[in-house]
Amino acid sequence: MTQSTDAPPHDGVTVSHDALVAFTAEAFADRGVPRERARTAAEALVHGDLTGLTSHGLANLTRLYLPALDEGRIDAGAEPEKITDTGAAVLLDGRRSLGLWAATEALELAADRAAQTGVALVTMRDATHFGCAGYHTARIARRGMVAVLASNCGRQRIARPPGGRAALLGTNPFSVAAPAGDRPPYVLDMSTTVVPTGKVRAAARAGEPIPQGWLEDAEGRPVTDPGALDTGEGFLRWLGGDPATGAFKGYGLGLMVEVLAALVPGAGLGPAPEALTGDGRPSGRDDDIGLTALVLAPGALRAGGDFLAEADGLFGTLLDCPPLDPARPVSYPGRPEELTAARRREHGVPLSAAQHTELTALAAERGLAFPEAVAR
């Protein structure tokens, strides 16, 4: 969950959400992405800024997606190829299609099948980065179903097994989403490392140190310089931190994602023999990513109204839990982000001055129109 403010930081500006999505869609279409896909991709990317998860938002437009399109690591017009279809399970070759669009397609396909069978799985190899996993799963939760999305990082290796010297795994995120009655859906969206790389790089761009516990050096000592991640001198730690406080749980979850998302479809693996031939520092790129989308349709198994009523009771009870501090009421994953999104849809999405400068420069370079700031 995230706690965020709607005030634009550092003398930044606030921009209409719809206008920001339209601009981002134009930026993707300008690189050859078909317009319908570009719109889906733009909504997925801007979702990060809309909900306050800025490490996975527009900061990645010029740093990740557009360069990958220019280099051919993402194929703007690629159509995923169906390799196997058993009815309730589908294997796709993503063919380097734009993950921001393809992940949603995979989950929607799984949801359509699950509506008939109760459960369906779509797994994909040769996929690309898809932004906030929770954006994609929340769409399915709003259809009254439960969704799971897991993704490895292809052959990118930035985290070491506990006690090991060589980086072998990525952040390996996953998301689970479910309806919560009349409330915002429950959306768990997490990396299996203590933080995702985007949060470390955001601190580096801001020139700020990171807390002890995010990175460690080759000997396991704390690192507070965020730049150490990209110089290869810092390794991400697992969720749980030290072995004594749960690192093996985070590591185990990371391996769970590697099995479900990459081993099952035959995507690029982090723990591969070539990873042991170097000096142990972070290696590889996030190419040939694997993902697995699983959807459960309770309404196909029992009365859908009963499921939704019980979901309403489950999450309502959580919100009614007496808080230790009345100023900090109990919540659940997904609710704070959705409340932030509702405010920002009405009042606009805040952008920092640096981000605004970067996006307006992109617009000028490519002959696109960047939206005007809205009055606050």
# chains A, B, ... in the order shown; residues from 1 in each chain; ligands from 1

call {"tool": "select_by_dssp", "arguments": {"residues": "stretch 286-376 of chain A", "states": "strand (DSSP E)", "output": "PyMOL selection string"}}
result
chain A and resi 289-296+349-351

call {"tool": "residues_around", "arguments": {"residues": "stretch 328-345 of chain A", "least_positions_apart": "2", "cutoff": "6 Å", "atoms": "only C-alpha atoms", "output": "PDB file with C-alpha atoms, in the first residue's frame"}}
result
ATOM      1  CA  MET A   1       0.000   0.000   0.000  1.00  0.00           C
ATOM      2  CA  HIS A  17      -5.374  12.230 -15.808  1.00  0.00           C
ATOM      3  CA  LEU A  50      -2.495   7.982 -10.635  1.00  0.00           C
ATOM      4  CA  THR A  51      -2.199   5.746  -7.561  1.00  0.00           C
ATOM      5  CA  PRO A 184     -12.167  -0.713  -3.738  1.00  0.00           C
ATOM      6  CA  TYR A 186      -8.192  -5.880  -2.603  1.00  0.00           C
ATOM      7  CA  VAL A 187      -4.990  -5.566  -4.649  1.00  0.00           C
ATOM      8  CA  LEU A 188      -1.732  -6.993  -3.357  1.00  0.00           C
ATOM      9  CA  LEU A 319     -11.994  -1.606   8.088  1.00  0.00           C
ATOM     10  CA  PRO A 323      -7.099   1.199  15.343  1.00  0.00           C
ATOM     11  CA  ASP A 325      -4.161   5.391  16.456  1.00  0.00           C
ATOM     12  CA  PRO A 326      -7.493   6.929  15.349  1.00  0.00           C
ATOM     13  CA  HIS A 347      -8.200  17.055  -9.399  1.00  0.00           C
ATOM     14  CA  GLY A 348      -5.305  15.950 -11.609  1.00  0.00           C
ATOM     15  CA  VAL A 349      -2.081  13.960 -11.361  1.00  0.00           C
TER      16      VAL A 349
END

call {"tool": "closest_atom_pairs", "arguments": {"of": "stretch 222-273 of chain A", "to": "stretch 290-296 of chain A", "cutoff": "9 Å", "atoms": "only C-alpha atoms", "output": "Markdown table"}}
result
| residue | atom | partner | partner_atom | distance |
| --- | --- | --- | --- | --- |
| A:Val257 | CA | A:Leu291 | CA | 8.7 |
| A:Glu258 | CA | A:Gly290 | CA | 8.2 |
| A:Leu260 | CA | A:Thr292 | CA | 6.4 |
| A:Ala261 | CA | A:Leu291 | CA | 4.3 |
| A:Ala262 | CA | A:Gly290 | CA | 4.4 |
| A:Leu263 | CA | A:Gly290 | CA | 8.0 |
| A:Val264 | CA | A:Thr292 | CA | 8.3 |
| A:Pro265 | CA | A:Gly290 | CA | 6.8 |
| A:Gly266 | CA | A:Gly290 | CA | 7.5 |
| A:Ala267 | CA | A:Gly290 | CA | 4.9 |
| A:Gly268 | CA | A:Gly290 | CA | 6.9 |
| A:Leu269 | CA | A:Gly290 | CA | 8.5 |

call {"tool": "write_last_selection", "arguments": {"atoms": "N, CA and C atoms", "output": "mmCIF file, in the first residue's frame"}}
result
data_model
loop_
_atom_site.group_PDB
_atom_site.id
_atom_site.type_symbol
_atom_site.label_atom_id
_atom_site.label_comp_id
_atom_site.auth_asym_id
_atom_site.auth_seq_id
_atom_site.Cartn_x
_atom_site.Cartn_y
_atom_site.Cartn_z
ATOM 1 N N VAL A 257 7.809 -17.485 -7.805
ATOM 2 C CA VAL A 257 7.499 -16.739 -9.020
ATOM 3 C C VAL A 257 8.323 -17.260 -10.194
ATOM 4 N N GLU A 258 9.595 -17.559 -9.972
ATOM 5 C CA GLU A 258 10.451 -18.075 -11.055
ATOM 6 C C GLU A 258 9.877 -19.373 -11.622
ATOM 7 N N LEU A 260 6.579 -20.511 -11.334
ATOM 8 C CA LEU A 260 5.261 -20.313 -11.941
ATOM 9 C C LEU A 260 5.334 -19.517 -13.243
ATOM 10 N N ALA A 261 6.136 -18.449 -13.227
ATOM 11 C CA ALA A 261 6.099 -17.496 -14.330
ATOM 12 C C ALA A 261 7.094 -17.793 -15.438
ATOM 13 N N ALA A 262 8.200 -18.461 -15.134
ATOM 14 C CA ALA A 262 9.240 -18.675 -16.143
ATOM 15 C C ALA A 262 9.471 -20.144 -16.456
ATOM 16 N N LEU A 263 9.593 -20.977 -15.423
ATOM 17 C CA LEU A 263 9.842 -22.398 -15.670
ATOM 18 C C LEU A 263 8.666 -23.043 -16.385
ATOM 19 N N VAL A 264 7.449 -22.703 -15.999
ATOM 20 C CA VAL A 264 6.262 -23.294 -16.620
ATOM 21 C C VAL A 264 6.169 -22.961 -18.114
ATOM 22 N N PRO A 265 6.265 -21.678 -18.539
ATOM 23 C CA PRO A 265 6.143 -21.394 -19.972
ATOM 24 C C PRO A 265 7.425 -21.579 -20.771
ATOM 25 N N GLY A 266 8.572 -21.727 -20.096
ATOM 26 C CA GLY A 266 9.835 -21.859 -20.815
ATOM 27 C C GLY A 266 10.460 -20.527 -21.158
ATOM 28 N N ALA A 267 10.331 -19.552 -20.261
ATOM 29 C CA ALA A 267 10.926 -18.228 -20.477
ATOM 30 C C ALA A 267 12.366 -18.216 -19.971
ATOM 31 N N GLY A 268 13.028 -17.055 -20.136
ATOM 32 C CA GLY A 268 14.395 -16.913 -19.667
ATOM 33 C C GLY A 268 14.469 -17.073 -18.158
ATOM 34 N N LEU A 269 15.451 -17.814 -17.690
ATOM 35 C CA LEU A 269 15.610 -18.076 -16.261
ATOM 36 C C LEU A 269 16.736 -17.242 -15.677
#

call {"tool": "residues_around", "arguments": {"residues": "stretch 250-253 of chain A", "least_positions_apart": "4", "cutoff": "8 Å", "atoms": "only C-alpha atoms", "output": "short mmCIF file (atom, residue, chain, number, x, y, z; two decimals) with all heavy atoms, in the first residue's frame"}}
result
data_model
loop_
_atom_site.label_atom_id
_atom_site.label_comp_id
_atom_site.auth_asym_id
_atom_site.auth_seq_id
_atom_site.Cartn_x
_atom_site.Cartn_y
_atom_site.Cartn_z
N PRO A 161 20.89 -15.51 -3.69
CA PRO A 161 20.31 -16.40 -2.68
C PRO A 161 20.93 -16.10 -1.32
O PRO A 161 22.11 -15.73 -1.25
CB PRO A 161 20.72 -17.80 -3.16
CG PRO A 161 21.10 -17.63 -4.59
CD PRO A 161 21.62 -16.24 -4.74
N PRO A 162 20.17 -16.21 -0.23
CA PRO A 162 20.77 -15.98 1.08
C PRO A 162 22.02 -16.84 1.27
O PRO A 162 22.00 -18.04 1.05
CB PRO A 162 19.66 -16.41 2.04
CG PRO A 162 18.40 -16.19 1.27
CD PRO A 162 18.74 -16.55 -0.14
N THR A 192 9.29 -9.48 -4.51
CA THR A 192 9.72 -10.42 -3.47
C THR A 192 11.04 -10.00 -2.86
O THR A 192 11.47 -10.58 -1.86
CB THR A 192 9.81 -11.85 -4.04
OG1 THR A 192 10.60 -11.84 -5.23
CG2 THR A 192 8.42 -12.36 -4.39
N THR A 193 11.68 -8.97 -3.42
CA THR A 193 12.78 -8.29 -2.76
C THR A 193 12.18 -7.20 -1.86
O THR A 193 11.01 -6.86 -1.99
CB THR A 193 13.74 -7.66 -3.77
OG1 THR A 193 12.98 -6.90 -4.73
CG2 THR A 193 14.54 -8.73 -4.51
N VAL A 194 12.99 -6.65 -0.97
CA VAL A 194 12.45 -5.72 0.02
C VAL A 194 11.83 -4.48 -0.63
O VAL A 194 10.85 -3.93 -0.13
CB VAL A 194 13.53 -5.35 1.06
CG1 VAL A 194 14.65 -4.53 0.45
CG2 VAL A 194 12.92 -4.63 2.26
N TRP A 238 16.29 -9.55 0.09
CA TRP A 238 14.99 -10.20 0.01
C TRP A 238 14.02 -9.62 1.03
O TRP A 238 14.42 -9.13 2.09
CB TRP A 238 15.13 -11.70 0.23
CG TRP A 238 15.86 -12.36 -0.88
CD1 TRP A 238 17.14 -12.84 -0.87
CD2 TRP A 238 15.38 -12.55 -2.21
NE1 TRP A 238 17.49 -13.31 -2.11
CE2 TRP A 238 16.42 -13.16 -2.95
CE3 TRP A 238 14.17 -12.28 -2.86
CZ2 TRP A 238 16.30 -13.49 -4.30
CZ3 TRP A 238 14.04 -12.61 -4.19
CH2 TRP A 238 15.08 -13.21 -4.89
N LEU A 239 12.74 -9.70 0.71
CA LEU A 239 11.71 -9.35 1.66
C LEU A 239 11.95 -10.14 2.96
O LEU A 239 12.12 -11.35 2.93
CB LEU A 239 10.35 -9.71 1.07
CG LEU A 239 9.11 -9.22 1.80
CD1 LEU A 239 9.03 -7.71 1.75
CD2 LEU A 239 7.86 -9.83 1.17
N GLY A 240 12.00 -9.43 4.06
CA GLY A 240 12.32 -10.05 5.33
C GLY A 240 13.68 -9.66 5.85
O GLY A 240 13.96 -9.78 7.03
N GLY A 246 13.35 -13.34 8.29
CA GLY A 246 12.45 -13.77 7.23
C GLY A 246 12.98 -13.73 5.82
O GLY A 246 12.20 -13.89 4.88
N VAL A 257 7.81 -17.48 -7.80
CA VAL A 257 7.50 -16.74 -9.02
C VAL A 257 8.32 -17.26 -10.19
O VAL A 257 7.81 -17.41 -11.31
CB VAL A 257 7.73 -15.23 -8.80
CG1 VAL A 257 7.64 -14.47 -10.12
CG2 VAL A 257 6.73 -14.68 -7.80
#

call {"tool": "residues_around", "arguments": {"residues": "A:Phe370", "least_positions_apart": "4", "cutoff": "12 Å", "atoms": "only C-alpha atoms", "output": "ChimeraX atom specification"}}
result
/A:15-16,19-27,356-366

call {"tool": "residues_around", "arguments": {"residues": "A:Gly170", "least_positions_apart": "6", "cutoff": "7 Å", "atoms": "only C-alpha atoms", "output": "VMD selection string"}}
result
chain A and resid 152 to 153 156 to 159 270

call {"tool": "closest_atom_pairs", "arguments": {"of": "stretch 88-137 of chain A", "to": "stretch 33-44 of chain A", "cutoff": "7 Å", "atoms": "only C-alpha atoms", "output": "Markdown table"}}
result
| residue | atom | partner | partner_atom | distance |
| --- | --- | --- | --- | --- |
| A:Leu100 | CA | A:Ala41 | CA | 4.7 |
| A:Trp101 | CA | A:Ala41 | CA | 4.9 |
| A:Gly131 | CA | A:Ala44 | CA | 6.8 |
| A:Tyr135 | CA | A:Ala44 | CA | 6.2 |

call {"tool": "residues_around", "arguments": {"residues": "A:Gln116", "least_positions_apart": "5", "cutoff": "9 Å", "atoms": "only C-alpha atoms", "output": "PyMOL selection string"}}
result
chain A and resi 111+297+300

call {"tool": "select_by_dssp", "arguments": {"residues": "stretch 9-104 of chain A", "states": "helix (DSSP H, G or I)", "output": "number ranges by chain"}}
result
A: 17-30, 35-51, 54-56, 58-71, 99-104

call {"tool": "write_last_selection", "arguments": {"atoms": "C-alpha atoms", "output": "PDB file, in the first residue's frame"}}
result
ATOM      1  CA  HIS A  17      -5.374  12.230 -15.808  1.00  0.00           C
ATOM      2  CA  ASP A  18      -7.272  11.781 -19.078  1.00  0.00           C
ATOM      3  CA  ALA A  19      -4.995  14.245 -20.874  1.00  0.00           C
ATOM      4  CA  LEU A  20      -1.913  12.499 -19.484  1.00  0.00           C
ATOM      5  CA  VAL A  21      -3.174   9.116 -20.721  1.00  0.00           C
ATOM      6  CA  ALA A  22      -3.927  10.613 -24.152  1.00  0.00           C
ATOM      7  CA  PHE A  23      -0.409  12.079 -24.382  1.00  0.00           C
ATOM      8  CA  THR A  24       1.200   8.794 -23.325  1.00  0.00           C
ATOM      9  CA  ALA A  25      -0.871   6.897 -25.883  1.00  0.00           C
ATOM     10  CA  GLU A  26       0.366   9.303 -28.566  1.00  0.00           C
ATOM     11  CA  ALA A  27       3.960   8.722 -27.435  1.00  0.00           C
ATOM     12  CA  PHE A  28       3.501   4.962 -27.880  1.00  0.00           C
ATOM     13  CA  ALA A  29       1.674   5.355 -31.204  1.00  0.00           C
ATOM     14  CA  ASP A  30       4.527   7.593 -32.372  1.00  0.00           C
ATOM     15  CA  ARG A  35      -3.522   2.961 -31.370  1.00  0.00           C
ATOM     16  CA  GLU A  36      -5.873   0.680 -29.438  1.00  0.00           C
ATOM     17  CA  ARG A  37      -2.921  -1.070 -27.828  1.00  0.00           C
ATOM     18  CA  ALA A  38      -1.220   2.266 -27.206  1.00  0.00           C
ATOM     19  CA  ARG A  39      -4.253   3.441 -25.247  1.00  0.00           C
ATOM     20  CA  THR A  40      -4.299   0.291 -23.082  1.00  0.00           C
ATOM     21  CA  ALA A  41      -0.560   0.604 -22.500  1.00  0.00           C
ATOM     22  CA  ALA A  42      -0.887   4.277 -21.590  1.00  0.00           C
ATOM     23  CA  GLU A  43      -3.606   3.570 -19.029  1.00  0.00           C
ATOM     24  CA  ALA A  44      -1.437   0.850 -17.477  1.00  0.00           C
ATOM     25  CA  LEU A  45       1.629   3.098 -17.283  1.00  0.00           C
ATOM     26  CA  VAL A  46      -0.105   6.231 -15.990  1.00  0.00           C
ATOM     27  CA  HIS A  47      -1.777   4.040 -13.357  1.00  0.00           C
ATOM     28  CA  GLY A  48       1.473   4.269 -11.393  1.00  0.00           C
ATOM     29  CA  ASP A  49       1.267   8.055 -11.153  1.00  0.00           C
ATOM     30  CA  LEU A  50      -2.495   7.982 -10.635  1.00  0.00           C
ATOM     31  CA  THR A  51      -2.199   5.746  -7.561  1.00  0.00           C
ATOM     32  CA  THR A  54       5.422   6.518  -9.209  1.00  0.00           C
ATOM     33  CA  SER A  55       8.371   4.104  -9.424  1.00  0.00           C
ATOM     34  CA  HIS A  56       6.281   2.156 -11.971  1.00  0.00           C
ATOM     35  CA  LEU A  58       5.701   7.682 -16.299  1.00  0.00           C
ATOM     36  CA  ALA A  59       9.247   7.746 -14.939  1.00  0.00           C
ATOM     37  CA  ASN A  60       9.699   4.585 -17.027  1.00  0.00           C
ATOM     38  CA  LEU A  61       8.380   6.015 -20.307  1.00  0.00           C
ATOM     39  CA  THR A  62      11.691   7.540 -21.432  1.00  0.00           C
ATOM     40  CA  ARG A  63      13.919   5.275 -19.323  1.00  0.00           C
ATOM     41  CA  LEU A  64      12.499   1.878 -20.169  1.00  0.00           C
ATOM     42  CA  TYR A  65       9.722   1.595 -22.733  1.00  0.00           C
ATOM     43  CA  LEU A  66      10.667   4.033 -25.499  1.00  0.00           C
ATOM     44  CA  PRO A  67      14.354   2.968 -25.539  1.00  0.00           C
ATOM     45  CA  ALA A  68      13.297  -0.705 -25.616  1.00  0.00           C
ATOM     46  CA  LEU A  69      11.004   0.036 -28.565  1.00  0.00           C
ATOM     47  CA  ASP A  70      13.781   1.912 -30.360  1.00  0.00           C
ATOM     48  CA  GLU A  71      16.262  -0.932 -29.752  1.00  0.00           C
ATOM     49  CA  GLY A  99       3.916  -5.976 -21.958  1.00  0.00           C
ATOM     50  CA  LEU A 100       1.762  -3.068 -20.760  1.00  0.00           C
ATOM     51  CA  TRP A 101      -0.808  -4.271 -23.286  1.00  0.00           C
ATOM     52  CA  ALA A 102      -0.039  -8.002 -23.485  1.00  0.00           C
ATOM     53  CA  ALA A 103      -0.356  -8.670 -19.740  1.00  0.00           C
ATOM     54  CA  THR A 104      -3.880  -7.262 -19.765  1.00  0.00           C
TER      55      THR A 104
END

call {"tool": "closest_atom_pairs", "arguments": {"of": "stretch 234-268 of chain A", "to": "stretch 198-221 of chain A", "cutoff": "8 Å", "atoms": "only C-alpha atoms", "output": "tab-separated table"}}
result
residue	atom	partner	partner_atom	distance
A:Gly234	CA	A:Asp217	CA	4.9
A:Phe235	CA	A:Leu215	CA	5.2
A:Leu236	CA	A:Leu215	CA	4.7
A:Arg237	CA	A:Leu215	CA	5.7
A:Gly241	CA	A:Gly213	CA	6.5

call {"tool": "atom_distance", "arguments": {"atom1": "atom CA of A:Pro185", "atom2": "atom CA of A:Arg142"}}
result
7.1 Å

call {"tool": "closest_residue", "arguments": {"among": "A:Thr277, A:Thr245, A:Thr14, A:Thr123", "to": "A:Ala167", "atoms": "only C-alpha atoms"}}
result
A:Thr277
